[in-house]
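data28.txt follows; it contains compact mmCIF, C-alpha atoms.
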```txt
# COMPACT_ATOMS: atom_id res chain seq x y z
CA MET A 1 0.00 0.00 0.00
CA ARG A 2 3.03 2.35 0.18
CA ASP A 3 2.97 5.12 -2.37
CA GLU A 4 6.35 6.69 -3.08
CA ALA A 5 4.63 10.05 -3.54
CA PHE A 6 3.84 10.09 0.16
CA VAL A 7 7.32 9.91 1.65
CA SER A 8 9.07 12.50 3.78
CA VAL A 9 12.33 14.20 2.87
CA VAL A 10 14.35 10.97 2.57
CA ASP A 11 14.28 8.33 -0.14
CA ASP A 12 13.64 5.35 2.14
CA GLY A 13 10.23 6.69 3.15
CA LEU A 14 11.06 6.60 6.86
CA LEU A 15 9.80 9.63 8.71
CA ARG A 16 12.50 11.46 10.65
CA GLY A 17 12.38 14.45 12.93
CA VAL A 18 10.05 12.45 15.21
CA TRP A 19 10.17 10.37 18.39
CA TYR A 20 10.26 6.56 18.22
CA VAL A 21 9.91 4.02 21.01
CA ALA A 22 13.34 2.42 21.37
CA SER A 23 12.66 -0.02 24.21
CA PRO A 24 10.87 -0.50 27.50
CA ALA A 25 12.88 1.65 29.92
CA SER A 26 13.31 -1.27 32.32
CA ARG A 27 15.63 -3.02 29.84
CA LEU A 28 18.25 -0.29 30.13
CA ARG A 29 20.31 -0.93 33.25
CA ARG A 30 23.37 0.60 34.82
CA HIS A 31 26.71 -0.73 33.51
CA LYS A 32 24.93 -2.63 30.70
CA PRO A 33 24.53 -0.74 27.40
CA LEU A 34 21.45 -1.37 25.27
CA ASN A 35 21.76 -1.56 21.49
CA ALA A 36 18.97 -0.70 19.08
CA ARG A 37 18.66 0.12 15.40
CA ILE A 38 16.20 2.81 14.34
CA CYS A 39 15.78 4.26 10.83
CA GLY A 40 18.94 2.46 9.75
CA ASN A 41 21.04 3.96 12.54
CA ALA A 42 22.76 1.79 15.14
CA LEU A 43 22.23 3.37 18.56
CA THR A 44 23.80 2.55 21.91
CA PHE A 45 21.98 3.57 25.07
CA HIS A 46 23.59 3.99 28.48
CA ARG A 47 22.14 4.50 31.96
CA HIS A 48 24.42 6.64 34.06
CA ALA A 49 25.31 5.26 37.47
CA ALA A 50 25.45 8.68 39.12
CA ASP A 51 21.88 9.85 38.56
CA GLY A 52 20.16 7.03 36.64
CA THR A 53 19.48 9.13 33.56
CA ALA A 54 19.70 7.69 30.05
CA SER A 55 21.72 8.85 27.06
CA ALA A 56 22.53 7.50 23.61
CA VAL A 57 24.99 7.85 20.76
CA ASP A 58 24.82 6.72 17.16
CA GLU A 59 27.41 4.55 15.41
CA ALA A 60 29.53 7.61 14.64
CA GLY A 61 29.57 8.62 18.30
CA HIS A 62 27.18 11.55 17.86
CA PRO A 63 24.72 12.14 20.70
CA VAL A 64 21.08 11.22 20.17
CA THR A 65 18.28 12.92 22.08
CA VAL A 66 16.52 10.44 24.37
CA CYS A 67 13.71 10.67 26.89
CA GLU A 68 12.12 8.32 29.42
CA GLN A 69 8.36 8.67 29.61
CA ASP A 70 5.47 6.35 30.46
CA GLY A 71 7.97 3.59 31.28
CA LEU A 72 9.41 3.72 27.76
CA LEU A 73 12.74 4.77 26.32
CA TRP A 74 12.23 7.15 23.39
CA ALA A 75 14.77 8.27 20.78
CA PHE A 76 14.40 11.36 18.62
CA MET A 77 15.59 10.61 15.11
CA GLY A 78 16.42 14.05 13.78
CA ASP A 79 17.11 15.14 10.24
CA ALA A 80 18.69 18.17 8.58
CA ILE A 81 15.46 20.18 8.82
CA THR A 82 14.44 19.05 12.32
CA PRO A 83 17.63 18.08 14.19
CA GLU A 84 16.12 18.59 17.67
CA PRO A 85 12.62 17.96 19.07
CA ALA A 86 10.24 20.84 19.70
CA GLY A 87 8.91 19.02 22.76
CA PRO A 88 8.83 15.70 24.62
CA PRO A 89 7.42 12.44 23.23
CA PRO A 90 3.63 12.03 23.17
CA ALA A 91 2.24 11.40 26.67
CA PHE A 92 -0.24 8.55 27.11
CA ASP A 93 -1.63 9.52 30.52
CA GLY A 94 -1.89 5.83 31.33
CA PRO A 95 -3.52 4.33 34.42
CA GLY A 96 -1.48 2.97 37.31
CA ARG A 97 0.80 6.04 37.38
CA GLY A 98 2.09 5.25 33.91
CA ARG A 99 3.65 1.94 34.89
CA VAL A 100 4.11 -0.51 32.02
CA ARG A 101 2.32 -3.70 33.00
CA PHE A 102 2.99 -5.84 29.95
CA VAL A 103 5.05 -5.72 26.74
CA GLU A 104 5.26 -8.13 23.83
CA GLU A 105 7.03 -7.47 20.54
CA ALA A 106 7.78 -9.00 17.16
CA LEU A 107 9.81 -8.21 14.05
CA LEU A 108 7.72 -7.49 10.97
CA PRO A 109 9.47 -8.05 7.60
CA CYS A 110 8.11 -4.86 6.04
CA HIS A 111 8.28 -1.10 5.75
CA ILE A 112 6.60 0.88 8.53
CA ASP A 113 3.98 2.09 6.01
CA ASP A 114 2.86 -1.50 5.43
CA ALA A 115 2.84 -2.15 9.17
CA ALA A 116 0.73 0.98 9.69
CA TYR A 117 -1.73 -0.24 7.09
CA GLY A 118 -2.15 -3.41 9.13
CA LEU A 119 -3.03 -1.34 12.19
CA LEU A 120 -5.51 0.80 10.28
CA ASP A 121 -7.27 -1.75 8.07
CA PRO A 122 -10.70 -2.60 9.59
CA ALA A 123 -10.60 -6.05 7.97
CA HIS A 124 -7.25 -6.86 9.59
CA GLY A 125 -8.78 -7.89 12.91
CA PRO A 126 -11.41 -10.44 11.87
CA TYR A 127 -9.36 -11.97 9.05
CA VAL A 128 -5.78 -11.88 10.37
CA HIS A 129 -6.50 -12.21 14.10
CA ALA A 130 -9.48 -14.53 14.02
CA SER A 131 -9.77 -16.08 17.47
CA PRO A 132 -12.50 -17.44 19.79
CA ILE A 133 -11.61 -14.71 22.31
CA TRP A 134 -11.20 -11.93 19.78
CA ARG A 135 -13.43 -11.88 16.74
CA SER A 136 -14.21 -13.88 13.63
CA SER A 137 -14.78 -13.18 9.96
CA LYS A 138 -18.01 -15.20 10.34
CA THR A 139 -19.57 -12.62 12.67
CA LEU A 140 -19.26 -9.44 10.65
CA LYS A 141 -21.37 -6.43 11.58
CA ASP A 142 -22.11 -3.07 10.01
CA LYS A 143 -20.12 -0.31 11.71
CA ALA A 144 -20.27 3.47 11.72
CA LYS A 145 -17.40 5.21 13.50
CA ASP A 146 -16.92 8.94 14.04
CA TYR A 147 -13.42 10.39 13.64
CA VAL A 148 -11.89 13.77 14.41
CA PRO A 149 -8.39 15.14 13.68
CA SER A 150 -5.85 14.97 16.51
CA GLU A 151 -2.15 15.75 16.86
CA LEU A 152 -0.29 14.26 13.85
CA GLY A 153 -3.20 11.88 13.34
CA PHE A 154 -6.85 11.18 14.03
CA THR A 155 -9.04 9.78 16.79
CA MET A 156 -12.11 7.58 16.87
CA VAL A 157 -14.49 9.23 19.31
CA PRO A 158 -15.61 7.24 22.41
CA HIS A 159 -18.06 4.45 21.73
CA ALA A 160 -19.36 1.21 23.22
CA PRO A 161 -17.45 -1.84 21.85
CA VAL A 162 -19.40 -4.62 20.16
CA ASN A 163 -16.81 -7.14 18.96
CA SER A 164 -14.26 -8.53 21.37
CA ARG A 165 -15.05 -10.64 24.42
CA LEU A 166 -11.79 -9.39 25.94
CA TYR A 167 -13.48 -6.11 26.81
CA ASN A 168 -15.87 -7.98 29.08
CA ILE A 169 -13.04 -8.83 31.48
CA ILE A 170 -13.17 -5.27 32.77
CA GLY A 171 -16.92 -5.41 33.32
CA GLY A 172 -19.40 -2.58 33.71
CA SER A 173 -20.44 -0.07 31.10
CA ILE A 174 -17.39 0.07 28.86
CA ARG A 175 -16.31 2.87 26.56
CA VAL A 176 -13.48 2.78 24.03
CA THR A 177 -11.58 5.42 22.09
CA ILE A 178 -8.75 4.79 19.62
CA ALA A 179 -6.21 7.35 18.45
CA PHE A 180 -3.56 6.99 15.77
CA ARG A 181 -0.57 9.31 15.60
CA LEU A 182 2.25 9.30 13.07
CA PRO A 183 4.80 7.90 12.68
CA GLY A 184 3.23 4.74 14.13
CA LEU A 185 1.35 4.89 17.43
CA ARG A 186 -2.07 3.35 17.98
CA VAL A 187 -3.46 4.16 21.42
CA GLU A 188 -6.61 2.38 22.60
CA ARG A 189 -8.19 3.51 25.87
CA ILE A 190 -10.79 1.25 27.47
CA TRP A 191 -12.57 2.33 30.63
CA ASN A 192 -15.64 2.03 32.84
CA GLU A 193 -16.74 3.72 36.04
CA LYS A 194 -13.86 2.25 38.07
CA HIS A 195 -11.01 1.08 35.88
CA THR A 196 -8.98 1.96 32.79
CA VAL A 197 -6.89 -0.14 30.41
CA LEU A 198 -4.56 1.55 27.96
CA GLY A 199 -3.19 -0.46 25.06
CA VAL A 200 -0.43 1.08 22.94
CA THR A 201 0.80 -0.41 19.69
CA ALA A 202 4.12 1.20 18.74
CA LEU A 203 5.86 0.75 15.39
CA THR A 204 9.61 1.37 15.25
CA PRO A 205 11.40 1.05 11.89
CA ILE A 206 14.74 -0.74 12.04
CA ASP A 207 15.26 0.18 8.40
CA ALA A 208 13.16 0.38 5.22
CA GLY A 209 12.49 -3.37 5.24
CA GLN A 210 12.01 -4.24 8.92
CA THR A 211 9.75 -2.83 11.63
CA ILE A 212 9.40 -3.74 15.28
CA ILE A 213 5.83 -3.88 16.54
CA ARG A 214 5.32 -3.61 20.31
CA GLN A 215 2.13 -4.19 22.26
CA ILE A 216 2.35 -2.20 25.50
CA PHE A 217 -0.31 -2.24 28.21
CA TYR A 218 -1.09 -0.09 31.24
CA TRP A 219 -3.96 -0.85 33.64
CA ASP A 220 -5.33 -0.33 37.11
CA THR A 221 -7.71 -3.28 37.26
CA PRO A 222 -6.72 -6.19 39.57
CA ILE A 223 -8.19 -8.90 37.30
CA LEU A 224 -5.65 -8.15 34.57
CA SER A 225 -2.79 -8.34 37.05
CA ALA A 226 -4.07 -11.76 38.10
CA ILE A 227 -4.11 -13.15 34.55
CA ARG A 228 -0.90 -11.43 33.38
CA PRO A 229 1.19 -14.67 33.61
CA PHE A 230 -1.04 -16.13 30.89
CA ALA A 231 -1.12 -13.03 28.68
CA ARG A 232 1.76 -14.14 26.42
CA LEU A 233 -0.24 -17.21 25.46
CA VAL A 234 -2.56 -14.76 23.68
CA THR A 235 -0.33 -11.86 22.62
CA ARG A 236 2.58 -13.85 21.18
CA PRO A 237 0.44 -15.82 18.65
CA PHE A 238 -1.44 -12.57 17.98
CA LEU A 239 1.73 -10.78 16.86
CA GLN A 240 3.00 -13.79 14.95
CA GLN A 241 -0.16 -13.59 12.87
CA ASP A 242 0.98 -10.07 11.93
CA VAL A 243 4.43 -11.39 11.04
CA HIS A 244 2.90 -14.10 8.84
CA ILE A 245 0.58 -11.78 6.92
CA MET A 246 3.32 -9.23 6.32
CA ALA A 247 5.65 -11.93 5.03
CA LEU A 248 2.94 -13.01 2.59
CA ARG A 249 2.45 -9.42 1.50
CA GLN A 250 6.17 -9.02 0.74
CA LYS A 251 5.97 -12.06 -1.54
CA GLY A 252 3.19 -10.38 -3.44
CA LEU A 253 5.10 -7.10 -3.73
CA ALA A 254 8.07 -8.98 -5.18
CA PHE A 255 5.87 -9.80 -8.19
CA GLY A 256 4.78 -6.22 -8.63
CA ALA A 257 1.46 -6.63 -6.85
CA LYS A 258 -0.30 -3.33 -6.15
CA GLY A 259 -2.83 -2.59 -3.46
CA MET A 260 -6.20 -0.93 -3.98
CA LEU A 261 -7.53 1.61 -1.49
CA ILE A 262 -11.30 1.70 -1.05
CA ARG A 263 -13.33 4.28 0.83
CA ASP A 264 -14.55 4.08 3.58
CA ALA A 265 -12.63 0.98 4.64
CA ASP A 266 -9.23 2.37 3.65
CA GLN A 267 -9.89 5.99 4.58
CA LEU A 268 -7.72 5.70 7.69
CA PHE A 269 -4.69 4.74 5.63
CA ILE A 270 -5.51 7.44 3.08
CA TRP A 271 -5.38 9.91 5.98
CA TYR A 272 -2.07 8.38 7.06
CA GLN A 273 -0.64 9.03 3.61
CA ARG A 274 -1.94 12.58 3.49
CA ILE A 275 -0.61 13.41 6.98
CA LYS A 276 2.81 11.99 6.13
CA LYS A 277 2.88 14.00 2.91
CA GLU A 278 1.88 17.17 4.78
CA ILE A 279 4.60 16.67 7.39
CA GLY A 280 7.24 16.52 4.68
CA GLU A 281 5.84 19.48 2.76
CA ALA A 282 5.45 21.65 5.87
CA ARG A 283 9.06 21.03 6.83
CA ALA A 284 10.38 21.67 3.34
CA GLU A 285 8.42 24.93 3.16
CA ARG A 286 9.38 25.94 6.73
CA ARG A 287 5.74 26.37 7.79
CA ASP A 288 3.42 24.96 10.43
CA PHE A 289 1.88 21.54 9.93
CA VAL A 290 -1.81 21.64 9.00
CA ASN A 291 -3.71 18.42 9.65
CA PRO A 292 -5.53 17.44 6.42
CA VAL A 293 -8.04 15.25 8.31
CA LYS A 294 -11.59 16.59 8.66
CA PRO A 295 -14.27 15.21 11.02
CA ALA A 296 -16.02 12.27 9.34
CA THR A 297 -18.23 9.26 9.91
CA LEU A 298 -16.83 6.14 8.25
CA ARG A 299 -18.86 3.02 7.56
CA TRP A 300 -17.76 -0.54 6.87
CA ARG A 301 -18.62 -4.14 7.67
CA THR A 302 -16.23 -5.99 9.96
```
Would it be possible to restate this file's structure as structure tokens?
Amino acid sequence: MRDEAFVSVVDDGLLRGVWYVASPASRLRRHKPLNARICGNALTFHRHAADGTASAVDEAGHPVTVCEQDGLLWAFMGDAITPEPAGPPPAFDGPGRGRVRFVEEALLPCHIDDAAYGLLDPAHGPYVHASPIWRSSKTLKDKAKDYVPSELGFTMVPHAPVNSRLYNIIGGSIRVTIAFRLPGLRVERIWNEKHTVLGVTALTPIDAGQTIIRQIFYWDTPILSAIRPFARLVTRPFLQQDVHIMALRQKGLAFGAKGMLIRDADQLFIWYQRIKKEIGEARAERRDFVNPVKPATLRWRT
């Protein structure tokens, strides 16, 4: 689904001048450097023994701006136009004082644009992640979702979920809102009168052909803490389904296969493309970013 007309200021199509999740912060320890590769750059992170702060350098020894927030280690991948961040990474305002409760990750054999399409495609859930506890392609329903523009992305306004049985674990009258922010953050907030669960899917490009996908959860409900030891039995196969479908897609691309974008089902990815294009153009023209997304109601069957 990647269109070369919708890339930023670099040829590989990887958006720079933005924050990326590098790792859960707990993996960076004193006296033990942490290595990561982001946007084709090999980074080495250190935690200083004196004050516990984190820093990083690239393979040439140049400093990289890092930040710890929401239990995550973020790296700002600057470019010639935007070498330094204008502010901190996006804040999730997660429950449980922002403590990461669970993380699972996988390596997707694809460009971050393809990975983002997987997050945004309404058909991805029932057909790629078909599961007795999730949803099935045999139980499709007509949907109408309202969207509004938000910072570097768009947000589905709060609604009552109808698909997944997983939501029922929380109990009560549940509401859900989902936000997507470029370069690759999907933030799903689930709450009732007493508890909140925050699920973050973060995409981090290793290079133009590989992307790490991380499922990160925050919660304040005791029932999820009780079942956490069994969570990987669900999340690991879930992410491997993403790995499998992206591997199949790369085989198709090798033969020149081209995707087809259909409104309303693909409108979210169309917005993704337009936002990415606007980011690049705004930087090149040295002007403020203007979100091209307008409030809309999208309809599909999933």
Compile a residue-level contact table for segment 60-115 of chain A against segment 139-159 of chain A at a cut-off of 12 Å, reporting for every qualifying residue the shortest atom pair and its distance in Å to one decimal, with all atoms listed in the file counted, rows ordered by chain and ascending number, as CSV.
```
residue,atom,partner,partner_atom,distance
A:Pro89,CA,A:Glu151,CA,12.0
A:Pro90,CA,A:Glu151,CA,9.3
A:Ala91,CA,A:Glu151,CA,11.6
```
Selection near segment 14-22 of chain A, 7 Å with only C-alpha atoms, sequence-local residues under 3 positions removed, as a PDB file with C-alpha atoms, in the frame of the given file:
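Written output follows (around.pdb):
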```
ATOM      1  CA  SER A   8       9.070  12.500   3.780  1.00  0.00           C
ATOM      2  CA  VAL A  10      14.350  10.970   2.570  1.00  0.00           C
ATOM      3  CA  ALA A  36      18.970  -0.700  19.080  1.00  0.00           C
ATOM      4  CA  CYS A  39      15.780   4.260  10.830  1.00  0.00           C
ATOM      5  CA  LEU A  72       9.410   3.720  27.760  1.00  0.00           C
ATOM      6  CA  LEU A  73      12.740   4.770  26.320  1.00  0.00           C
ATOM      7  CA  TRP A  74      12.230   7.150  23.390  1.00  0.00           C
ATOM      8  CA  ALA A  75      14.770   8.270  20.780  1.00  0.00           C
ATOM      9  CA  PHE A  76      14.400  11.360  18.620  1.00  0.00           C
ATOM     10  CA  MET A  77      15.590  10.610  15.110  1.00  0.00           C
ATOM     11  CA  GLY A  78      16.420  14.050  13.780  1.00  0.00           C
ATOM     12  CA  ASP A  79      17.110  15.140  10.240  1.00  0.00           C
ATOM     13  CA  THR A  82      14.440  19.050  12.320  1.00  0.00           C
ATOM     14  CA  PRO A  83      17.630  18.080  14.190  1.00  0.00           C
ATOM     15  CA  PRO A  89       7.420  12.440  23.230  1.00  0.00           C
ATOM     16  CA  PRO A 183       4.800   7.900  12.680  1.00  0.00           C
ATOM     17  CA  ALA A 202       4.120   1.200  18.740  1.00  0.00           C
ATOM     18  CA  THR A 204       9.610   1.370  15.250  1.00  0.00           C
ATOM     19  CA  ALA A 208      13.160   0.380   5.220  1.00  0.00           C
TER      20      ALA A 208
END
```
> If you count all atoms listed in the file, which residues fall within 12 Å of Pro95 of chain A, apart from same-chain ones fewer than 6 positions away, as a VMD selection string?
Replying inline: chain A and resid 70 to 71 101 189 to 191 194 to 199 217 to 221
> Any idea what's packed within 8 Å of Ala115 of chain A, counting all atoms listed in the file, ignoring anything in its chain fewer than 3 positions away? Could you give it as a ChimeraX atom specification?
Replying inline: /A:108,110-112,118-119,203,211,246
Could you save those same residues with C-alpha atoms as a compact mmCIF listing (two decimals), in the frame of the given file?
```txt
# COMPACT_ATOMS: atom_id res chain seq x y z
CA LEU A 108 7.72 -7.49 10.97
CA CYS A 110 8.11 -4.86 6.04
CA HIS A 111 8.28 -1.10 5.75
CA ILE A 112 6.60 0.88 8.53
CA GLY A 118 -2.15 -3.41 9.13
CA LEU A 119 -3.03 -1.34 12.19
CA LEU A 203 5.86 0.75 15.39
CA THR A 211 9.75 -2.83 11.63
CA MET A 246 3.32 -9.23 6.32
```
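Atom CA of Tyr272 of chain A sits 16.4 Å away from atom CA of Thr297 of chain A.
Each of A:Arg274, A:Ala247, A:Arg263, A:Ala106 was checked against Thr201 of chain A using only C-alpha atoms; the smallest atom-to-atom distance is that of A:Ala106.
Each of A:Ser225, A:Thr53, A:Lys294, A:Arg232 was checked against Gly96 of chain A using all atoms listed in the file; the smallest atom-to-atom distance is that of A:Ser225.
Reported to one decimal place, the separation of atom CA of Ile212 of chain A from atom CA of Thr65 of chain A is 20.1 Å.
Candidate residues A:Glu193, A:Asp11, A:Asp266, A:Asp93 were compared for distance to Gly280 of chain A, and the nearest is A:Asp11, using all atoms listed in the file.
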> What is the distance between atom CA of Val234 of chain A and atom CA of Leu28 of chain A, in Å to one decimal?
Replying inline: 26.2 Å
> Using only C-alpha atoms, which residue out of A:Ala296, A:Ala86, A:Leu182, A:Ile227 lies closest to Asp113 of chain A?
Replying inline: A:Leu182
Spatial neighbours of Asp114 of chain A, 10 Å, all atoms listed in the file, chain gap at least 6 places, as a compact mmCIF listing (two decimals) with C-alpha atoms, keeping the file's coordinate frame:
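In the end it all went to around24.txt:
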```txt
# COMPACT_ATOMS: atom_id res chain seq x y z
CA MET A 1 0.00 0.00 0.00
CA ARG A 2 3.03 2.35 0.18
CA LEU A 108 7.72 -7.49 10.97
CA LEU A 120 -5.51 0.80 10.28
CA GLY A 209 12.49 -3.37 5.24
CA THR A 211 9.75 -2.83 11.63
CA MET A 246 3.32 -9.23 6.32
CA ARG A 249 2.45 -9.42 1.50
CA GLN A 250 6.17 -9.02 0.74
CA PHE A 269 -4.69 4.74 5.63
```
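Of the residues listed (A:Phe102, A:Ala42, A:Arg175, A:Lys32), A:Ala42 shows the shortest atom-to-atom separation from Ala60 of chain A; distances use all atoms listed in the file.
Of the residues under consideration (A:Asn35, A:Ser23, A:Asn192, A:Thr44), A:Ser23 shows the shortest atom-to-atom contact distance to Gln69 of chain A when counting all atoms listed in the file.
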